[in-house]
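Pasted below: query05.cif, mmCIF, C-alpha atoms.
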data_coords
#
loop_
_atom_site.group_PDB
_atom_site.id
_atom_site.type_symbol
_atom_site.label_atom_id
_atom_site.label_comp_id
_atom_site.auth_asym_id
_atom_site.auth_seq_id
_atom_site.Cartn_x
_atom_site.Cartn_y
_atom_site.Cartn_z
ATOM 1 C CA MET A 1 0.000 0.000 0.000
ATOM 2 C CA THR A 2 1.379 3.384 -0.980
ATOM 3 C CA ILE A 3 1.601 6.496 1.177
ATOM 4 C CA SER A 4 -1.223 8.090 -0.836
ATOM 5 C CA ASP A 5 -3.364 5.003 -0.199
ATOM 6 C CA ALA A 6 -2.743 5.270 3.541
ATOM 7 C CA GLN A 7 -3.607 8.973 3.545
ATOM 8 C CA PHE A 8 -6.797 8.331 1.599
ATOM 9 C CA LEU A 9 -7.894 5.509 3.891
ATOM 10 C CA SER A 10 -7.165 7.495 7.064
ATOM 11 C CA ALA A 11 -9.812 10.011 6.007
ATOM 12 C CA TYR A 12 -12.220 7.548 4.412
ATOM 13 C CA ASP A 13 -15.747 7.578 5.898
ATOM 14 C CA ALA A 14 -17.592 4.362 5.086
ATOM 15 C CA SER A 15 -20.787 5.712 6.647
ATOM 16 C CA GLN A 16 -21.260 7.944 3.598
ATOM 17 C CA PHE A 17 -22.462 4.911 1.665
ATOM 18 C CA GLU A 18 -25.322 2.505 2.249
ATOM 19 C CA HIS A 19 -24.230 -1.034 3.074
ATOM 20 C CA PRO A 20 -26.294 -4.133 2.324
ATOM 21 C CA SER A 21 -26.109 -6.973 4.810
ATOM 22 C CA VAL A 22 -24.487 -10.216 3.706
ATOM 23 C CA ALA A 23 -25.744 -13.650 4.716
ATOM 24 C CA VAL A 24 -25.124 -17.300 3.905
ATOM 25 C CA ASP A 25 -27.598 -20.120 3.330
ATOM 26 C CA ILE A 26 -26.634 -23.799 3.313
ATOM 27 C CA LEU A 27 -28.335 -26.652 1.487
ATOM 28 C CA ILE A 28 -27.586 -30.166 2.790
ATOM 29 C CA PHE A 29 -29.031 -32.783 0.442
ATOM 30 C CA THR A 30 -29.537 -36.471 1.138
ATOM 31 C CA VAL A 31 -31.529 -39.366 -0.318
ATOM 32 C CA ASP A 32 -33.905 -41.340 1.876
ATOM 33 C CA ILE A 33 -34.152 -45.145 1.762
ATOM 34 C CA PRO A 34 -37.114 -45.184 -0.691
ATOM 35 C CA GLY A 35 -35.077 -43.002 -3.034
ATOM 36 C CA ARG A 36 -36.477 -39.544 -2.288
ATOM 37 C CA LEU A 37 -34.397 -36.377 -2.454
ATOM 38 C CA GLU A 38 -34.469 -34.587 0.894
ATOM 39 C CA LEU A 39 -33.127 -31.326 2.224
ATOM 40 C CA LEU A 40 -32.162 -30.399 5.783
ATOM 41 C CA MET A 41 -34.284 -27.472 6.941
ATOM 42 C CA ILE A 42 -35.096 -25.642 10.156
ATOM 43 C CA ARG A 43 -38.369 -24.199 11.413
ATOM 44 C CA ARG A 44 -37.910 -20.587 12.430
ATOM 45 C CA ASP A 45 -39.128 -19.523 15.873
ATOM 46 C CA ILE A 46 -38.440 -15.810 15.429
ATOM 47 C CA PRO A 47 -39.768 -13.174 12.984
ATOM 48 C CA PRO A 48 -39.759 -12.654 10.129
ATOM 49 C CA PHE A 49 -41.402 -15.805 8.795
ATOM 50 C CA CYS A 50 -41.889 -17.222 12.290
ATOM 51 C CA ASN A 51 -42.960 -20.903 12.053
ATOM 52 C CA ALA A 52 -41.959 -21.071 8.381
ATOM 53 C CA TRP A 53 -39.278 -23.475 7.185
ATOM 54 C CA ALA A 54 -35.911 -22.184 6.084
ATOM 55 C CA LEU A 55 -32.442 -23.232 5.067
ATOM 56 C CA PRO A 56 -29.808 -23.096 7.800
ATOM 57 C CA GLY A 57 -27.935 -19.818 7.568
ATOM 58 C CA GLY A 58 -27.580 -16.274 8.786
ATOM 59 C CA PHE A 59 -25.503 -13.132 8.705
ATOM 60 C CA ILE A 60 -21.738 -13.209 8.366
ATOM 61 C CA GLY A 61 -19.410 -11.698 10.949
ATOM 62 C CA MET A 62 -17.174 -8.764 10.070
ATOM 63 C CA LYS A 63 -14.019 -10.782 10.724
ATOM 64 C CA GLU A 64 -14.905 -14.090 9.055
ATOM 65 C CA SER A 65 -14.889 -15.270 5.466
ATOM 66 C CA LEU A 66 -17.998 -16.460 3.668
ATOM 67 C CA ASP A 67 -16.858 -20.078 4.016
ATOM 68 C CA GLU A 68 -16.219 -19.622 7.737
ATOM 69 C CA ALA A 69 -19.647 -18.057 8.215
ATOM 70 C CA ALA A 70 -21.366 -20.884 6.355
ATOM 71 C CA ARG A 71 -19.654 -23.555 8.449
ATOM 72 C CA ARG A 72 -20.410 -21.639 11.666
ATOM 73 C CA LYS A 73 -24.088 -21.154 10.901
ATOM 74 C CA LEU A 74 -24.506 -24.776 9.842
ATOM 75 C CA LYS A 75 -23.019 -25.962 13.134
ATOM 76 C CA GLU A 76 -25.001 -23.458 15.232
ATOM 77 C CA GLU A 77 -28.370 -24.245 13.662
ATOM 78 C CA THR A 78 -28.128 -27.991 12.954
ATOM 79 C CA GLY A 79 -25.162 -29.344 14.927
ATOM 80 C CA LEU A 80 -23.346 -30.465 11.755
ATOM 81 C CA ASP A 81 -19.621 -29.797 11.882
ATOM 82 C CA GLY A 82 -16.733 -30.421 9.519
ATOM 83 C CA VAL A 83 -18.935 -30.639 6.422
ATOM 84 C CA GLU A 84 -17.236 -29.930 3.091
ATOM 85 C CA ILE A 85 -19.466 -27.388 1.375
ATOM 86 C CA GLU A 86 -19.351 -25.924 -2.118
ATOM 87 C CA GLN A 87 -20.439 -22.431 -3.081
ATOM 88 C CA LEU A 88 -23.562 -22.466 -5.246
ATOM 89 C CA TYR A 89 -24.754 -18.982 -6.213
ATOM 90 C CA THR A 90 -25.329 -15.467 -4.915
ATOM 91 C CA PHE A 91 -28.897 -14.242 -4.455
ATOM 92 C CA GLY A 92 -29.404 -10.488 -4.359
ATOM 93 C CA ALA A 93 -32.968 -9.540 -5.231
ATOM 94 C CA VAL A 94 -33.726 -6.175 -3.640
ATOM 95 C CA ASP A 95 -36.824 -7.400 -1.788
ATOM 96 C CA ARG A 96 -35.655 -10.911 -0.829
ATOM 97 C CA ASP A 97 -35.623 -10.066 2.908
ATOM 98 C CA PRO A 98 -38.299 -7.814 4.490
ATOM 99 C CA ARG A 99 -35.889 -6.528 7.172
ATOM 100 C CA THR A 100 -33.342 -4.805 5.005
ATOM 101 C CA ARG A 101 -31.291 -5.255 1.837
ATOM 102 C CA VAL A 102 -29.650 -8.666 2.228
ATOM 103 C CA ILE A 103 -27.382 -10.438 -0.242
ATOM 104 C CA SER A 104 -27.044 -14.159 0.426
ATOM 105 C CA VAL A 105 -24.355 -16.550 -0.757
ATOM 106 C CA ALA A 106 -25.646 -20.122 -0.911
ATOM 107 C CA TYR A 107 -23.585 -23.262 -0.285
ATOM 108 C CA PHE A 108 -24.462 -26.929 -0.717
ATOM 109 C CA ALA A 109 -23.278 -30.423 0.149
ATOM 110 C CA LEU A 110 -24.472 -33.986 -0.494
ATOM 111 C CA LEU A 111 -24.272 -36.335 2.493
ATOM 112 C CA PRO A 112 -25.538 -39.849 3.296
ATOM 113 C CA LYS A 113 -28.382 -39.574 5.771
ATOM 114 C CA ALA A 114 -27.349 -42.458 8.031
ATOM 115 C CA SER A 115 -24.121 -40.666 8.944
ATOM 116 C CA LEU A 116 -25.823 -37.495 10.201
ATOM 117 C CA HIS A 117 -27.069 -36.456 13.624
ATOM 118 C CA VAL A 118 -28.769 -33.069 13.624
ATOM 119 C CA PHE A 119 -30.473 -30.886 16.213
ATOM 120 C CA PRO A 120 -31.910 -27.340 16.200
ATOM 121 C CA GLY A 121 -29.948 -24.352 17.444
ATOM 122 C CA PRO A 122 -30.715 -20.671 18.138
ATOM 123 C CA GLY A 123 -33.445 -19.218 15.931
ATOM 124 C CA ALA A 124 -35.036 -22.603 15.263
ATOM 125 C CA ASP A 125 -37.348 -24.859 17.233
ATOM 126 C CA ARG A 126 -36.995 -27.881 14.978
ATOM 127 C CA THR A 127 -34.876 -29.470 12.256
ATOM 128 C CA ALA A 128 -36.257 -31.904 9.701
ATOM 129 C CA TRP A 129 -35.414 -33.702 6.487
ATOM 130 C CA VAL A 130 -37.892 -32.269 4.005
ATOM 131 C CA GLY A 131 -38.741 -34.169 0.825
ATOM 132 C CA ILE A 132 -38.612 -32.083 -2.352
ATOM 133 C CA SER A 133 -39.622 -32.721 -5.949
ATOM 134 C CA LEU A 134 -39.029 -30.654 -9.068
ATOM 135 C CA PRO A 135 -39.894 -31.474 -12.694
ATOM 136 C CA GLU A 136 -37.152 -31.390 -15.312
ATOM 137 C CA ASN A 137 -36.067 -27.768 -15.908
ATOM 138 C CA GLY A 138 -38.604 -26.819 -13.257
ATOM 139 C CA THR A 139 -39.108 -23.329 -11.872
ATOM 140 C CA ALA A 140 -39.544 -22.191 -8.278
ATOM 141 C CA ASP A 141 -43.340 -22.220 -8.481
ATOM 142 C CA GLN A 142 -43.186 -25.890 -9.589
ATOM 143 C CA LEU A 143 -41.135 -27.005 -6.595
ATOM 144 C CA GLN A 144 -43.060 -29.481 -4.450
ATOM 145 C CA VAL A 145 -42.254 -29.533 -0.724
ATOM 146 C CA ASP A 146 -43.431 -32.053 1.879
ATOM 147 C CA SER A 147 -47.001 -31.338 3.027
ATOM 148 C CA GLY A 148 -46.918 -27.939 1.312
ATOM 149 C CA LEU A 149 -44.721 -26.439 4.033
ATOM 150 C CA GLU A 150 -44.370 -22.653 3.954
ATOM 151 C CA LEU A 151 -40.835 -21.609 3.029
ATOM 152 C CA ALA A 152 -39.186 -18.430 4.311
ATOM 153 C CA PHE A 153 -37.593 -15.636 2.295
ATOM 154 C CA ASP A 154 -36.667 -16.653 -1.271
ATOM 155 C CA HIS A 155 -35.612 -20.148 -0.234
ATOM 156 C CA ARG A 156 -37.935 -21.723 -2.786
ATOM 157 C CA GLN A 157 -35.851 -20.045 -5.498
ATOM 158 C CA ILE A 158 -32.573 -21.041 -3.832
ATOM 159 C CA ILE A 159 -33.643 -24.682 -3.601
ATOM 160 C CA THR A 160 -34.781 -24.714 -7.235
ATOM 161 C CA THR A 161 -31.458 -23.259 -8.372
ATOM 162 C CA ALA A 162 -29.557 -25.857 -6.350
ATOM 163 C CA VAL A 163 -31.531 -28.831 -7.665
ATOM 164 C CA ASN A 164 -31.107 -27.709 -11.271
ATOM 165 C CA ARG A 165 -27.378 -27.203 -10.655
ATOM 166 C CA LEU A 166 -27.064 -30.713 -9.195
ATOM 167 C CA ARG A 167 -28.814 -32.181 -12.208
ATOM 168 C CA GLY A 168 -26.448 -30.401 -14.535
ATOM 169 C CA LYS A 169 -23.405 -31.654 -12.638
ATOM 170 C CA LEU A 170 -24.538 -35.285 -12.894
ATOM 171 C CA SER A 171 -23.533 -35.348 -16.555
ATOM 172 C CA TYR A 172 -19.915 -34.315 -16.059
ATOM 173 C CA THR A 173 -18.955 -35.044 -12.428
ATOM 174 C CA ASP A 174 -19.222 -37.898 -9.932
ATOM 175 C CA ILE A 175 -21.056 -35.681 -7.427
ATOM 176 C CA ALA A 176 -23.777 -38.287 -6.803
ATOM 177 C CA VAL A 177 -21.368 -40.637 -5.025
ATOM 178 C CA GLY A 178 -21.410 -38.246 -2.070
ATOM 179 C CA LEU A 179 -24.817 -39.708 -1.197
ATOM 180 C CA LEU A 180 -23.699 -43.345 -1.061
ATOM 181 C CA GLN A 181 -24.040 -44.871 2.400
ATOM 182 C CA ASP A 182 -20.885 -46.953 1.939
ATOM 183 C CA LYS A 183 -18.404 -45.917 -0.739
ATOM 184 C CA ASN A 184 -16.431 -49.135 -0.233
ATOM 185 C CA ARG A 185 -19.351 -51.483 -0.825
ATOM 186 C CA PHE A 186 -22.274 -50.435 -2.977
ATOM 187 C CA ALA A 187 -24.412 -51.857 -5.757
ATOM 188 C CA ILE A 188 -25.105 -50.131 -9.054
ATOM 189 C CA TYR A 189 -28.768 -50.182 -8.006
ATOM 190 C CA GLU A 190 -27.994 -47.916 -5.027
ATOM 191 C CA LEU A 191 -26.289 -45.346 -7.224
ATOM 192 C CA GLN A 192 -29.139 -45.519 -9.731
ATOM 193 C CA LYS A 193 -31.642 -44.687 -6.975
ATOM 194 C CA ILE A 194 -29.563 -41.614 -6.105
ATOM 195 C CA TYR A 195 -29.567 -40.438 -9.708
ATOM 196 C CA GLU A 196 -33.307 -41.020 -9.923
ATOM 197 C CA ALA A 197 -33.907 -39.047 -6.731
ATOM 198 C CA ILE A 198 -31.929 -36.055 -8.004
ATOM 199 C CA LEU A 199 -33.448 -36.192 -11.490
ATOM 200 C CA ASP A 200 -36.938 -36.989 -10.149
ATOM 201 C CA GLN A 201 -37.470 -39.606 -12.848
ATOM 202 C CA LYS A 202 -37.148 -43.344 -13.408
ATOM 203 C CA LEU A 203 -34.061 -44.445 -15.351
ATOM 204 C CA ASP A 204 -33.631 -47.447 -17.616
ATOM 205 C CA THR A 205 -31.590 -49.976 -15.630
ATOM 206 C CA PRO A 206 -29.529 -51.501 -18.501
ATOM 207 C CA ASN A 207 -28.651 -48.013 -19.786
ATOM 208 C CA PHE A 208 -27.655 -46.839 -16.316
ATOM 209 C CA ARG A 209 -25.468 -49.910 -15.837
ATOM 210 C CA ARG A 210 -23.676 -49.183 -19.118
ATOM 211 C CA MET A 211 -23.200 -45.563 -18.064
ATOM 212 C CA PHE A 212 -21.725 -46.646 -14.736
ATOM 213 C CA LEU A 213 -19.312 -49.110 -16.307
ATOM 214 C CA THR A 214 -18.203 -46.511 -18.870
ATOM 215 C CA SER A 215 -18.057 -43.427 -16.635
ATOM 216 C CA PHE A 216 -16.811 -45.006 -13.412
ATOM 217 C CA VAL A 217 -15.217 -48.429 -13.924
ATOM 218 C CA SER A 218 -13.533 -47.812 -17.289
ATOM 219 C CA ARG A 219 -12.156 -44.488 -16.028
ATOM 220 C CA GLY A 220 -10.670 -46.078 -12.913
ATOM 221 C CA LEU A 221 -13.060 -44.371 -10.498
ATOM 222 C CA ALA A 222 -14.621 -47.602 -9.223
ATOM 223 C CA GLU A 223 -13.907 -51.327 -9.239
ATOM 224 C CA ALA A 224 -15.745 -54.530 -8.382
ATOM 225 C CA THR A 225 -15.053 -55.865 -4.894
ATOM 226 C CA GLY A 226 -15.357 -59.474 -6.023
ATOM 227 C CA GLU A 227 -18.412 -59.973 -3.821
ATOM 228 C CA ASP A 228 -21.772 -60.937 -5.319
ATOM 229 C CA CYS A 229 -24.809 -58.821 -4.462
ATOM 230 C CA LEU A 230 -28.190 -60.536 -4.056
ATOM 231 C CA GLU A 231 -29.762 -57.746 -2.011
ATOM 232 C CA TYR A 232 -31.771 -56.031 -4.736
ATOM 233 C CA SER A 233 -32.462 -58.758 -7.307
ATOM 234 C CA LYS A 234 -32.700 -62.516 -7.641
ATOM 235 C CA ARG A 235 -30.078 -62.218 -10.349
ATOM 236 C CA ALA A 236 -26.598 -61.862 -8.890
ATOM 237 C CA SER A 237 -24.818 -58.561 -9.494
ATOM 238 C CA LYS A 238 -21.603 -57.134 -8.081
ATOM 239 C CA TYR A 239 -20.650 -54.843 -5.259
ATOM 240 C CA TYR A 240 -18.291 -52.003 -6.143
ATOM 241 C CA ARG A 241 -16.015 -49.613 -4.297
ATOM 242 C CA LEU A 242 -14.824 -46.149 -5.218
ATOM 243 C CA LEU A 243 -11.174 -45.556 -6.012
ATOM 244 C CA PRO A 244 -9.109 -42.393 -5.607
ATOM 245 C CA ALA A 245 -9.262 -40.196 -8.689
ATOM 246 C CA PRO A 246 -6.398 -41.006 -11.088
ATOM 247 C CA GLN A 247 -3.499 -38.567 -10.986
ATOM 248 C CA LYS A 248 -3.306 -36.317 -14.033
#
Rendering of file as structure tokens:
Amino acid sequence: MTISDAQFLSAYDASQFEHPSVAVDILIFTVDIPGRLELLMIRRDIPPFCNAWALPGGFIGMKESLDEAARRKLKEETGLDGVEIEQLYTFGAVDRDPRTRVISVAYFALLPKASLHVFPGPGADRTAWVGISLPENGTADQLQVDSGLELAFDHRQIITTAVNRLRGKLSYTDIAVGLLQDKNRFAIYELQKIYEAILDQKLDTPNFRRMFLTSFVSRGLAEATGEDCLEYSKRASKYYRLLPAPQK
């Protein structure tokens, strides 16, 4: 920083300008046993939108990064800690929060449900896994939520954006494996149910098997364990395990 920069900053008055608030919202996706896409949500016990359902999140601190704020709010409001989250999108509609101008940065993660223990924190009286459904290329007004629950703020739009992003990533990443209960022992059927839950549609089993063998096994991302699987069909199939990504 130059001397002129220091002189300028010493006289700088930030109060001359309006400042929007900045928040984070976190989407934790999982797939239930029947193959339904679910999202971890909290029920608010404070205004605005008291008793409505919302994504975990809140305002960032002045001395923390966006990532730090997202991890802090997730732990405070759901008890989840150490979750690897990925930034999704920034939502900045002028009227998205009735309190003041709030810009929110959304994050998401995909986690197997059996590995999670959640509980509500400050600002919430309950946490729940909420089933969601969205048609292909669906819009926010087409999003179906368990029992027609009321959603707070613009969280319907955030969820819709996240689901459509996940669907897009299925075609060029292995993101769906994050929802496997056991990455060292799984059947192709289990992965197919995850894809179907995210896409909200039934997939052709032979075609999905070919896709898996081409996109995962042939690329060295998964291999057969040598153990037969009779759990999902009378016809024997194989269990597979994930492998570390090949070094480039």
Practice task
Starting from the shown file, work through the PyMOL selection byres ((chain A and resi 170) around 12) and note down what comes out as an NGL selection string.
Solution key: :A and (163-169 or 171-178 or 191-192 or 194-199 or 211-212 or 215)
Within 9 Å of range 111-130 of chain A: each range 144-168 of chain A residue with its shortest pair, all atoms listed in the file, as a Markdown table:
| residue | atom | partner | partner_atom | distance |
| --- | --- | --- | --- | --- |
| A:Val145 | CA | A:Val130 | CA | 7.0 |
| A:Asp146 | CA | A:Val130 | CA | 5.9 |
| A:Leu149 | CA | A:Val130 | CA | 9.0 |
Practice task
One decimal, Å: what's the distance from CA of Gln142 in chain A over to CA of Pro56 in chain A, could you say?
Solution key: 22.1 Å
Problem - Straight-line distance linking CA of Trp53 in chain A with CA of Met41 in chain A, stated in Å to one decimal - result: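 So the answer is 6.4 Å.
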Handout entry: Spatial neighbours of range 38-40 of chain A, 7 Å, all atoms listed in the file, chain gap at least 4 places, as a list in words
Key =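 Listed by chain and then number, they are Leu27, Ile28, Phe29, Thr30, Val31, Asp32, Ala128, Trp129, Val130, Gly131 and Ile132 of chain A.
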Grab the residues selected above and save them as a compact mmCIF listing (two decimals), in the coordinates of the input with C-alpha atoms.
# COMPACT_ATOMS: atom_id res chain seq x y z
CA LEU A 27 -28.34 -26.65 1.49
CA ILE A 28 -27.59 -30.17 2.79
CA PHE A 29 -29.03 -32.78 0.44
CA THR A 30 -29.54 -36.47 1.14
CA VAL A 31 -31.53 -39.37 -0.32
CA ASP A 32 -33.90 -41.34 1.88
CA ALA A 128 -36.26 -31.90 9.70
CA TRP A 129 -35.41 -33.70 6.49
CA VAL A 130 -37.89 -32.27 4.00
CA GLY A 131 -38.74 -34.17 0.82
CA ILE A 132 -38.61 -32.08 -2.35
Exercise for the section: Have a look at A:Pro244, A:Gly92, A:Gly148, A:Gly57 and name the one nearest to Pro20 in chain A; count all atoms listed in the file. Expected result: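 Closest to Pro20 in chain A of all the choices is A:Gly92.
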Exercise for the section: Give me the residues within 7 Å of Val22 in chain A as a list in words, counting all atoms listed in the file and dropping any in the same chain fewer than 4 places off. Expected result: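 Using all atoms listed in the file, the neighbours found are Phe59, Ile60, Val102, Ile103 and Ser104 of chain A.
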Exercise for the section: Run the PyMOL selection byres ((chain A and resi 106) around 8) mentally over the shown coordinates, then write out the matched residues as a ChimeraX atom specification, using the chain letters and numbers from the document. Expected result: /A:24-27,87-91,104-105,107-108,158
Practice task
Return the single residue from A:Leu37, A:Ala224, A:Met62, A:Ala52 that is closest to Gln144 in chain A, with distances computed using only C-alpha atoms.
Solution key: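 Using only C-alpha atoms, Gln144 in chain A sits closest to A:Leu37.
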Problem - Contacts of Leu242 in chain A at 10 Å (all atoms listed in the file; same-chain gap of 2+ positions) as JSON, numbers by chain - result: {"A": [177, 182, 183, 184, 185, 186, 216, 217, 220, 221, 222, 223, 224, 225, 240, 244, 245]}
